[in-house]
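Here is target-v7.cif, consisting of mmCIF, C-alpha atoms and all ligand atoms:
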```cif
data_run
loop_
_atom_site.label_atom_id
_atom_site.label_comp_id
_atom_site.auth_asym_id
_atom_site.auth_seq_id
_atom_site.Cartn_x
_atom_site.Cartn_y
_atom_site.Cartn_z
CA MET D 374 111.71 51.01 18.17
CA SER D 375 114.18 53.62 17.03
CA GLY D 376 117.43 53.85 18.94
CA GLU D 377 119.31 57.12 19.30
CA ARG D 378 123.08 56.92 19.10
CA GLY D 379 124.54 57.09 22.62
CA GLN D 380 121.12 57.34 24.28
CA ALA D 381 118.53 54.93 25.65
CA ALA D 382 116.28 53.60 22.92
CA SER D 383 113.05 55.47 22.32
CA SER D 384 109.79 53.97 21.16
CA THR D 385 107.05 55.56 19.15
CA GLY D 386 103.78 56.37 20.84
CA ARG D 387 100.54 58.12 20.11
CA ILE D 388 98.61 60.77 22.00
CA ILE D 389 95.25 59.07 22.50
CA TYR D 390 93.62 61.61 24.83
CA ARG D 391 93.97 65.29 25.62
CA LYS D 392 91.96 67.25 28.15
CA ASP D 393 92.71 70.94 28.55
CA LEU D 394 92.06 72.23 32.07
CA THR D 395 93.11 75.77 31.12
CA GLN D 396 94.90 77.19 28.10
CA ASP D 397 98.26 76.15 29.55
CA LEU D 398 97.49 73.03 31.57
CA ALA D 399 96.50 69.65 30.15
CA ILE D 400 96.13 65.96 30.90
CA LEU D 401 97.49 63.75 28.11
CA ARG D 402 97.54 60.02 27.58
CA VAL D 403 100.30 58.42 25.52
CA GLN D 404 99.99 54.87 24.28
CA PRO D 405 102.69 52.68 22.73
CA GLU D 406 102.15 52.89 18.97
CA ASP D 407 102.46 49.13 18.44
CA GLY D 408 99.53 48.45 20.77
CA SER D 409 101.72 46.81 23.43
CA SER D 410 101.22 47.39 27.16
CA VAL D 411 103.21 50.14 28.83
CA PRO D 412 106.30 48.69 30.54
CA ASP D 413 106.35 48.01 34.27
CA PHE D 414 107.15 51.05 36.38
CA LYS D 415 106.83 52.20 39.98
CA ALA D 416 104.42 54.89 41.17
CA GLY D 417 106.34 58.17 41.23
CA GLN D 418 108.57 57.48 38.22
CA PHE D 419 108.68 59.63 35.08
CA VAL D 420 108.59 58.87 31.37
CA THR D 421 110.78 60.79 28.95
CA LEU D 422 108.99 62.15 25.88
CA GLY D 423 110.82 63.01 22.67
CA LEU D 424 110.01 65.22 19.70
CA LYS D 425 112.00 66.28 16.64
CA LEU D 426 111.83 70.04 16.95
CA ASP D 427 114.95 71.08 15.07
CA SER D 428 115.54 71.04 11.37
CA ASP D 429 118.65 68.85 11.88
CA ASP D 430 116.43 65.90 12.89
CA LYS D 431 117.84 65.91 16.43
CA MET D 432 115.44 64.71 19.12
CA THR D 433 114.53 66.94 22.10
CA TYR D 434 113.59 65.10 25.30
CA ARG D 435 111.79 66.14 28.47
CA ALA D 436 110.81 64.16 31.59
CA TYR D 437 107.17 63.95 32.78
CA SER D 438 105.96 62.25 35.96
CA ILE D 439 103.45 59.51 35.29
CA ALA D 440 100.08 60.29 36.89
CA SER D 441 98.51 56.92 36.07
CA PRO D 442 99.21 54.01 38.41
CA PRO D 443 101.43 51.02 37.49
CA GLU D 444 98.24 48.95 37.26
CA GLU D 445 97.12 50.97 34.18
CA LYS D 446 98.82 49.14 31.31
CA ARG D 447 97.06 50.82 28.34
CA TYR D 448 98.69 54.24 28.50
CA PHE D 449 100.79 56.71 30.49
CA GLU D 450 98.73 59.59 31.81
CA LEU D 451 100.61 62.86 32.14
CA TYR D 452 99.74 66.22 33.71
CA ILE D 453 101.61 68.93 31.86
CA LYS D 454 101.99 72.72 32.15
CA TRP D 455 102.89 74.78 29.10
CA ALA D 456 106.01 76.71 30.12
CA THR D 457 105.47 80.26 28.88
CA GLU D 458 107.50 82.47 31.25
CA PRO D 459 109.86 84.23 30.84
CA VAL D 460 110.09 82.78 27.32
CA MET D 461 108.05 80.08 25.59
CA GLY D 462 109.26 76.61 26.58
CA LYS D 463 110.78 74.72 23.68
CA PHE D 464 109.17 71.30 24.21
CA THR D 465 105.82 72.25 25.73
CA THR D 466 105.14 74.85 23.04
CA ALA D 467 105.35 72.08 20.45
CA LEU D 468 103.42 69.66 22.66
CA PHE D 469 100.52 72.05 23.25
CA HIS D 470 100.10 72.36 19.47
CA MET D 471 99.63 68.60 19.20
CA LYS D 472 96.32 66.76 19.14
CA GLU D 473 94.89 63.31 19.73
CA GLY D 474 96.27 60.88 17.15
CA ASP D 475 99.66 62.61 16.81
CA SER D 476 102.85 60.60 17.27
CA ILE D 477 105.44 61.20 19.96
CA TYR D 478 108.56 59.34 21.09
CA TRP D 479 108.95 58.01 24.61
CA ARG D 480 111.66 56.34 26.66
CA LYS D 481 111.00 53.78 29.34
CA PRO D 482 110.12 55.02 32.84
CA ALA D 483 112.85 55.86 35.31
CA GLY D 484 113.36 57.79 38.53
CA ALA D 485 113.69 57.28 42.26
CA PHE D 486 110.78 59.39 43.55
CA THR D 487 108.99 56.21 44.61
CA ILE D 488 107.17 55.16 47.76
CA GLU D 489 109.43 54.27 50.70
CA GLY D 490 107.80 51.18 52.12
CA LYS D 491 110.58 50.44 54.59
CA LYS D 492 112.64 52.40 57.08
CA ALA D 493 116.44 52.54 56.83
CA ASP D 494 116.67 49.61 59.29
CA GLY D 495 114.52 47.46 56.97
CA THR D 496 111.39 47.46 59.14
CA PRO D 497 108.04 48.34 57.48
CA ASP D 498 107.27 52.06 57.51
CA ASP D 499 103.71 52.63 58.66
CA ARG D 500 104.06 56.35 59.36
CA THR D 501 101.46 58.72 57.88
CA MET D 502 102.42 59.64 54.30
CA VAL D 503 102.11 63.39 53.77
CA LEU D 504 102.22 64.23 50.05
CA ILE D 505 102.77 67.91 49.25
CA ALA D 506 102.43 69.17 45.69
CA SER D 507 102.42 72.50 43.92
CA GLY D 508 101.16 72.75 40.34
CA THR D 509 101.89 69.71 38.17
CA GLY D 510 103.95 68.32 41.07
CA LEU D 511 100.65 66.58 41.81
CA ALA D 512 101.21 64.01 39.03
CA PRO D 513 103.33 61.43 40.94
CA PHE D 514 100.96 61.62 43.90
CA VAL D 515 97.94 60.77 41.75
CA SER D 516 99.88 57.65 40.77
CA TYR D 517 100.79 56.95 44.43
CA ALA D 518 97.15 57.34 45.54
CA LEU D 519 95.67 55.16 42.80
CA HIS D 520 98.36 52.53 43.35
CA LEU D 521 98.00 52.42 47.14
CA LYS D 522 94.22 52.26 46.77
CA ALA D 523 94.58 49.33 44.34
CA LEU D 524 96.83 47.58 46.88
CA GLY D 525 94.27 48.11 49.65
CA ALA D 526 96.82 50.10 51.68
CA LYS D 527 95.91 50.84 55.28
CA ARG D 528 98.56 53.51 55.81
CA LYS D 529 97.20 56.96 56.60
CA ILE D 530 97.75 59.35 53.66
CA ALA D 531 97.31 63.13 53.39
CA LEU D 532 97.58 64.81 49.98
CA LEU D 533 98.02 68.59 49.96
CA HIS D 534 97.81 70.37 46.59
CA GLY D 535 98.42 74.04 45.92
CA ALA D 536 97.41 75.74 42.66
CA ARG D 537 96.81 79.33 41.61
CA ASN D 538 93.10 78.90 40.95
CA VAL D 539 90.38 76.27 41.12
CA ARG D 540 90.60 75.38 37.43
CA GLU D 541 94.26 74.46 38.02
CA LEU D 542 93.33 71.99 40.75
CA GLY D 543 93.76 69.01 38.44
CA TYR D 544 92.24 65.70 39.51
CA HIS D 545 90.06 67.57 42.02
CA GLU D 546 86.94 65.44 41.55
CA LEU D 547 88.86 62.17 41.52
CA LEU D 548 90.70 63.06 44.73
CA GLU D 549 87.52 64.29 46.43
CA SER D 550 85.82 61.00 45.64
CA MET D 551 88.86 59.06 46.88
CA GLU D 552 88.66 61.01 50.14
CA LYS D 553 84.98 60.13 50.58
CA ASP D 554 85.79 56.42 50.21
CA LYS D 555 85.81 55.15 53.79
CA SER D 556 87.57 51.88 52.94
CA TRP D 557 90.87 53.65 53.50
CA ASP D 558 92.37 56.62 55.36
CA PHE D 559 92.93 59.32 52.74
CA ALA D 560 92.76 63.08 53.39
CA TYR D 561 92.79 65.55 50.47
CA MET D 562 93.57 69.21 51.19
CA PRO D 563 93.51 71.48 48.12
CA THR D 564 94.32 75.18 48.39
CA VAL D 565 94.31 78.08 45.91
CA SER D 566 96.68 81.04 46.11
CA ARG D 567 94.47 83.33 43.98
CA PRO D 568 90.96 83.04 45.48
CA ASP D 569 89.91 86.33 43.79
CA ASP D 570 90.76 85.05 40.31
CA PRO D 571 87.55 84.55 38.23
CA LEU D 572 88.78 80.97 37.71
CA SER D 573 88.38 80.45 41.49
CA ARG D 574 84.75 81.63 41.61
CA GLY D 575 82.68 79.84 44.25
CA TRP D 576 85.70 78.42 46.09
CA THR D 577 85.10 78.03 49.83
CA GLY D 578 88.10 75.83 50.63
CA HIS D 579 91.61 76.65 51.84
CA THR D 580 93.40 79.68 50.41
CA GLY D 581 97.10 80.53 50.27
CA ARG D 582 100.14 78.59 49.18
CA VAL D 583 100.28 74.91 50.05
CA GLU D 584 102.99 75.37 52.69
CA THR D 585 100.63 77.57 54.76
CA LEU D 586 98.70 74.38 55.62
CA LEU D 587 101.77 73.34 57.65
CA GLN D 588 102.23 76.59 59.54
CA ILE D 589 101.36 76.45 63.22
CA ARG D 590 98.34 78.64 64.00
CA ASP D 591 96.90 80.11 67.17
CA GLY D 592 95.70 76.80 68.55
CA GLY D 593 99.24 75.36 68.36
CA MET D 594 98.28 73.12 65.46
CA SER D 595 98.60 73.56 61.68
CA GLU D 596 95.62 73.03 59.37
CA LEU D 597 97.17 69.70 58.39
CA GLU D 598 97.55 68.61 62.02
CA LYS D 599 93.99 69.66 62.78
CA ARG D 600 92.79 67.60 59.81
CA LEU D 601 94.78 64.55 60.94
CA ASN D 602 94.05 65.24 64.58
CA GLU D 603 97.65 64.79 65.71
CA LYS D 604 100.91 66.70 66.01
CA LEU D 605 103.23 65.59 63.24
CA THR D 606 106.64 64.29 64.29
CA THR D 607 109.41 62.25 62.70
CA GLN D 608 108.01 59.31 64.69
CA ASN D 609 104.57 59.37 63.07
CA SER D 610 104.96 60.99 59.63
CA PHE D 611 106.99 60.89 56.42
CA PHE D 612 106.82 63.71 53.85
CA TYR D 613 107.05 63.68 50.05
CA ILE D 614 107.32 67.04 48.27
CA CYS D 615 107.07 67.64 44.52
CA GLY D 616 106.77 70.88 42.61
CA TYR D 617 108.25 74.35 42.49
CA GLN D 618 111.60 74.92 44.19
CA GLY D 619 109.94 77.65 46.30
CA THR D 620 107.41 75.14 47.67
CA ILE D 621 110.15 72.63 48.48
CA ASP D 622 112.30 75.25 50.23
CA SER D 623 109.34 76.59 52.25
CA VAL D 624 108.16 73.15 53.39
CA VAL D 625 111.68 72.03 54.31
CA ALA D 626 112.19 75.29 56.25
CA ILE D 627 109.08 74.48 58.33
CA LEU D 628 109.98 70.82 58.94
CA GLN D 629 113.73 71.03 59.56
CA PRO D 630 113.46 72.76 62.96
CA LEU D 631 111.17 69.86 63.98
CA GLY D 632 113.99 67.37 63.31
CA PHE D 633 112.95 66.20 59.84
CA VAL D 634 115.79 65.52 57.38
CA THR D 635 115.64 65.15 53.61
CA ASN D 636 116.84 62.37 51.33
CA ARG D 637 119.44 64.87 50.08
CA ASN D 638 120.98 65.14 53.55
CA LYS D 639 120.39 61.77 55.20
CA ARG D 640 121.34 60.92 58.78
CA LYS D 641 124.45 58.77 59.31
CA ASP D 642 122.27 55.63 59.58
CA GLY D 643 120.75 56.37 56.14
CA SER D 644 117.37 57.44 57.52
CA PHE D 645 115.37 60.45 56.33
CA ASP D 646 111.78 61.68 56.63
CA ILE D 647 111.35 63.97 53.59
CA LYS D 648 111.69 62.83 49.98
CA ILE D 649 111.97 65.53 47.33
CA GLU D 650 111.43 65.77 43.56
CA THR D 651 112.13 68.99 41.64
CA TYR D 652 111.18 69.65 38.05
CA GLY D 653 113.79 72.35 37.42
C1 LIG W 1 111.81 64.25 36.92
C2 LIG W 1 111.00 65.33 36.25
C3 LIG W 1 109.62 65.21 36.15
C4 LIG W 1 108.87 66.20 35.54
N1 LIG W 1 107.52 66.08 35.49
C5 LIG W 1 106.77 67.05 34.96
C6 LIG W 1 105.34 66.95 34.95
O1 LIG W 1 104.75 65.96 35.41
N2 LIG W 1 104.63 67.96 34.38
C7 LIG W 1 105.25 69.08 33.86
O2 LIG W 1 104.55 69.98 33.35
N3 LIG W 1 106.60 69.20 33.88
C8 LIG W 1 107.36 68.22 34.38
N4 LIG W 1 108.74 68.33 34.38
C9 LIG W 1 109.36 69.48 33.70
C10 LIG W 1 109.58 69.14 32.20
O3 LIG W 1 110.55 68.12 32.08
C11 LIG W 1 110.09 70.35 31.38
O4 LIG W 1 111.21 70.90 32.01
C12 LIG W 1 109.03 71.43 31.21
O5 LIG W 1 107.87 70.88 30.55
C13 LIG W 1 109.54 72.62 30.38
O6 LIG W 1 110.04 72.16 29.15
P1 LIG W 1 110.13 73.13 27.88
O7 LIG W 1 111.05 72.51 26.87
O8 LIG W 1 108.77 73.53 27.42
O9 LIG W 1 110.81 74.40 28.48
P2 LIG W 1 112.34 74.86 28.25
O10 LIG W 1 112.52 75.40 26.88
O11 LIG W 1 113.24 73.76 28.67
O12 LIG W 1 112.43 76.05 29.30
C14 LIG W 1 112.30 75.78 30.69
C15 LIG W 1 112.09 77.10 31.42
O13 LIG W 1 113.19 77.95 31.23
C16 LIG W 1 112.74 79.16 30.66
N5 LIG W 1 113.74 79.60 29.65
C17 LIG W 1 114.07 78.96 28.51
N6 LIG W 1 115.01 79.66 27.84
C18 LIG W 1 115.28 80.75 28.59
C19 LIG W 1 116.18 81.85 28.45
N7 LIG W 1 116.98 81.96 27.39
N8 LIG W 1 116.20 82.79 29.43
C20 LIG W 1 115.41 82.67 30.52
N9 LIG W 1 114.55 81.66 30.71
C21 LIG W 1 114.49 80.72 29.74
C22 LIG W 1 111.39 78.90 30.03
O14 LIG W 1 110.56 80.04 30.00
C23 LIG W 1 110.84 77.85 30.94
O15 LIG W 1 110.21 78.42 32.07
C24 LIG W 1 109.51 67.35 34.98
C25 LIG W 1 110.90 67.46 35.08
C26 LIG W 1 111.63 66.48 35.70
C27 LIG W 1 113.13 66.64 35.80
#
```

So, in terms of structure tokens, how does the structure I just supplied come out?
Amino acid sequence: MSGERGQAASSTGRIIYRKDLTQDLAILRVQPEDGSSVPDFKAGQFVTLGLKLDSDDKMTYRAYSIASPPEEKRYFELYIKWATEPVMGKFTTALFHMKEGDSIYWRKPAGAFTIEGKKADGTPDDRTMVLIASGTGLAPFVSYALHLKALGAKRKIALLHGARNVRELGYHELLESMEKDKSWDFAYMPTVSRPDDPLSRGWTGHTGRVETLLQIRDGGMSELEKRLNEKLTTQNSFFYICGYQGTIDSVVAILQPLGFVTNRNKRKDGSFDIKIETYG
């Protein structure tokens, strides 16, 4: 352990696995260096990684949602995009030059983007969970899905993921196989916004940004509602949104006129039906 003055203590870890999906998108696993288990955390929380990037030995930290479930005690799995626009990101540029075996600092998991199991009045919430992600905003929902599956959850879940091309649909095979598993009620709806990109070759699924799956079409139902075979209301569904600010704004703009309210603007009784996480 090495404490930083005035900051939470950070521990040393090691990158034990790296899988590059594209040149700027990777799945990494970080393991505590001393071989201990990762600390307890809740699905949806993030871990803070630290690197010494500056010559003055100062540590630079960035938060990353944990994609592995709390049941996985060997490592944190992370789904990370190399920030390259408009300028090269400070932390991710260093991170994407790292390899398996390299050391990295980490701080214990934190964050409130966790599953709401109860309503504001304390009664169990059994509404359909609609999880909407753009880009690496998928990471907390992979943790949610694996965790709820491990718990044997019976709640209906729909996971919508938008990416630019098929190669950027991280966890695609895992989520497809989870959807095929009939022991639970899990719908997976991936969509690509650049179907003509060579990296989308052969794609026959949904196209367009993820929020288009919520837009009401000719038949009076959205693609999501058709998939779930019901109109979505505040009575029967609860939304989680994670990703780009544009995705969050677009989804909230569709849901607000239907009476949905966010955790950032709760009703007087403390209730809400949309929980939001932004990476910006
Ligand atoms: C709770 C939380 C969870 C997160 N989870 C994830 C996750 O799971 N996966 C993930 O990939 N990211 C995640 N992030 C984002 C992550 O923490 C970093 O912000 C991200 O990796 C970029 O860090 P960076 O140091 O590389 O970029 P930075 O150097 O911090 O730059 C950030 C952005 O600003 C731009 N920028 C920098 N300097 C300038 C400038 N002078 N003028 C104009 N633009 C500039 C960069 O181009 C870049 O787009 C999360 C963030 C939060 C808050």

Would you mind telling me which residue in D:Ser623, D:Thr607, D:Ser595, D:Thr465 lies nearest to ligand LIG 1 (chain W) when using only C-alpha atoms and all ligand atoms?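 Between D:Ser623, D:Thr607, D:Ser595, D:Thr465, the residue approaching ligand LIG 1 (chain W) most closely is D:Thr465.
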
Selected residue, from D:Cys615, D:Leu547, D:Ile453, D:Val460, that lies nearest to Leu533 in chain D when counting all atoms listed in the file: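 Residue with the minimum atom-to-atom distance to Leu533 in chain D: D:Cys615.
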
With distances taken over only C-alpha atoms, which residue among D:Gly495, D:Gly643, D:Gly616, D:Gly408 lies nearest Ser438 in chain D?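 Smallest separation from Ser438 in chain D among the options: D:Gly616.
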
Which polymer residues, protein or nucleic acid, are no farther than 9 Å from (89.7, 84.2, 50.2), counting only C-alpha atoms, as a list in words? Val565, Ser566, Arg567, Pro568, Asp569, Trp576, Thr577, Gly578, His579, Thr580 and Gly581 of chain D

Would you output that residue set with C-alpha atoms, as an mmCIF file, keeping the file's coordinate frame?
```cif
data_model
loop_
_atom_site.group_PDB
_atom_site.id
_atom_site.type_symbol
_atom_site.label_atom_id
_atom_site.label_comp_id
_atom_site.auth_asym_id
_atom_site.auth_seq_id
_atom_site.Cartn_x
_atom_site.Cartn_y
_atom_site.Cartn_z
ATOM 1 C CA VAL D 565 94.310 78.080 45.910
ATOM 2 C CA SER D 566 96.680 81.040 46.110
ATOM 3 C CA ARG D 567 94.470 83.330 43.980
ATOM 4 C CA PRO D 568 90.960 83.040 45.480
ATOM 5 C CA ASP D 569 89.910 86.330 43.790
ATOM 6 C CA TRP D 576 85.700 78.420 46.090
ATOM 7 C CA THR D 577 85.100 78.030 49.830
ATOM 8 C CA GLY D 578 88.100 75.830 50.630
ATOM 9 C CA HIS D 579 91.610 76.650 51.840
ATOM 10 C CA THR D 580 93.400 79.680 50.410
ATOM 11 C CA GLY D 581 97.100 80.530 50.270
#
```

Taking only C-alpha atoms and all ligand atoms into account, which residues have an atom no farther than 6 Å from ligand LIG 1 (chain W)? I'd like them as a list in words.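 What falls inside 6 Å of ligand LIG 1 (chain W) is Phe419, Arg435, Ala436, Tyr437, Ser438, Tyr452, Ile453, Lys454, Ala456, Thr457, Glu458, Pro459, Val460, Met461, Gly462, Lys463, Phe464, Thr465, Thr466, Thr509, Ala512, Tyr652 and Gly653 of chain D.
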
May I have the residues within 10 Å of Ile589 in chain D as a VMD selection string, using all atoms listed in the file and disregarding those fewer than 5 positions away in the same chain? chain D and resid 594 to 598 627

Excluding Arg500 in chain D and any residue of its chain fewer than 3 positions from it, enumerate the residues within 7 Å of it, using all atoms listed in the file, and give them as an MDAnalysis selection string. chainID D and resid 609:611

Of the residues D:Glu489, D:Asp498, D:Glu541, D:Glu473, which is the one nearest to Leu511 in chain D, using all atoms listed in the file?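 Counting all atoms listed in the file, the residue closest to Leu511 in chain D is D:Glu541.
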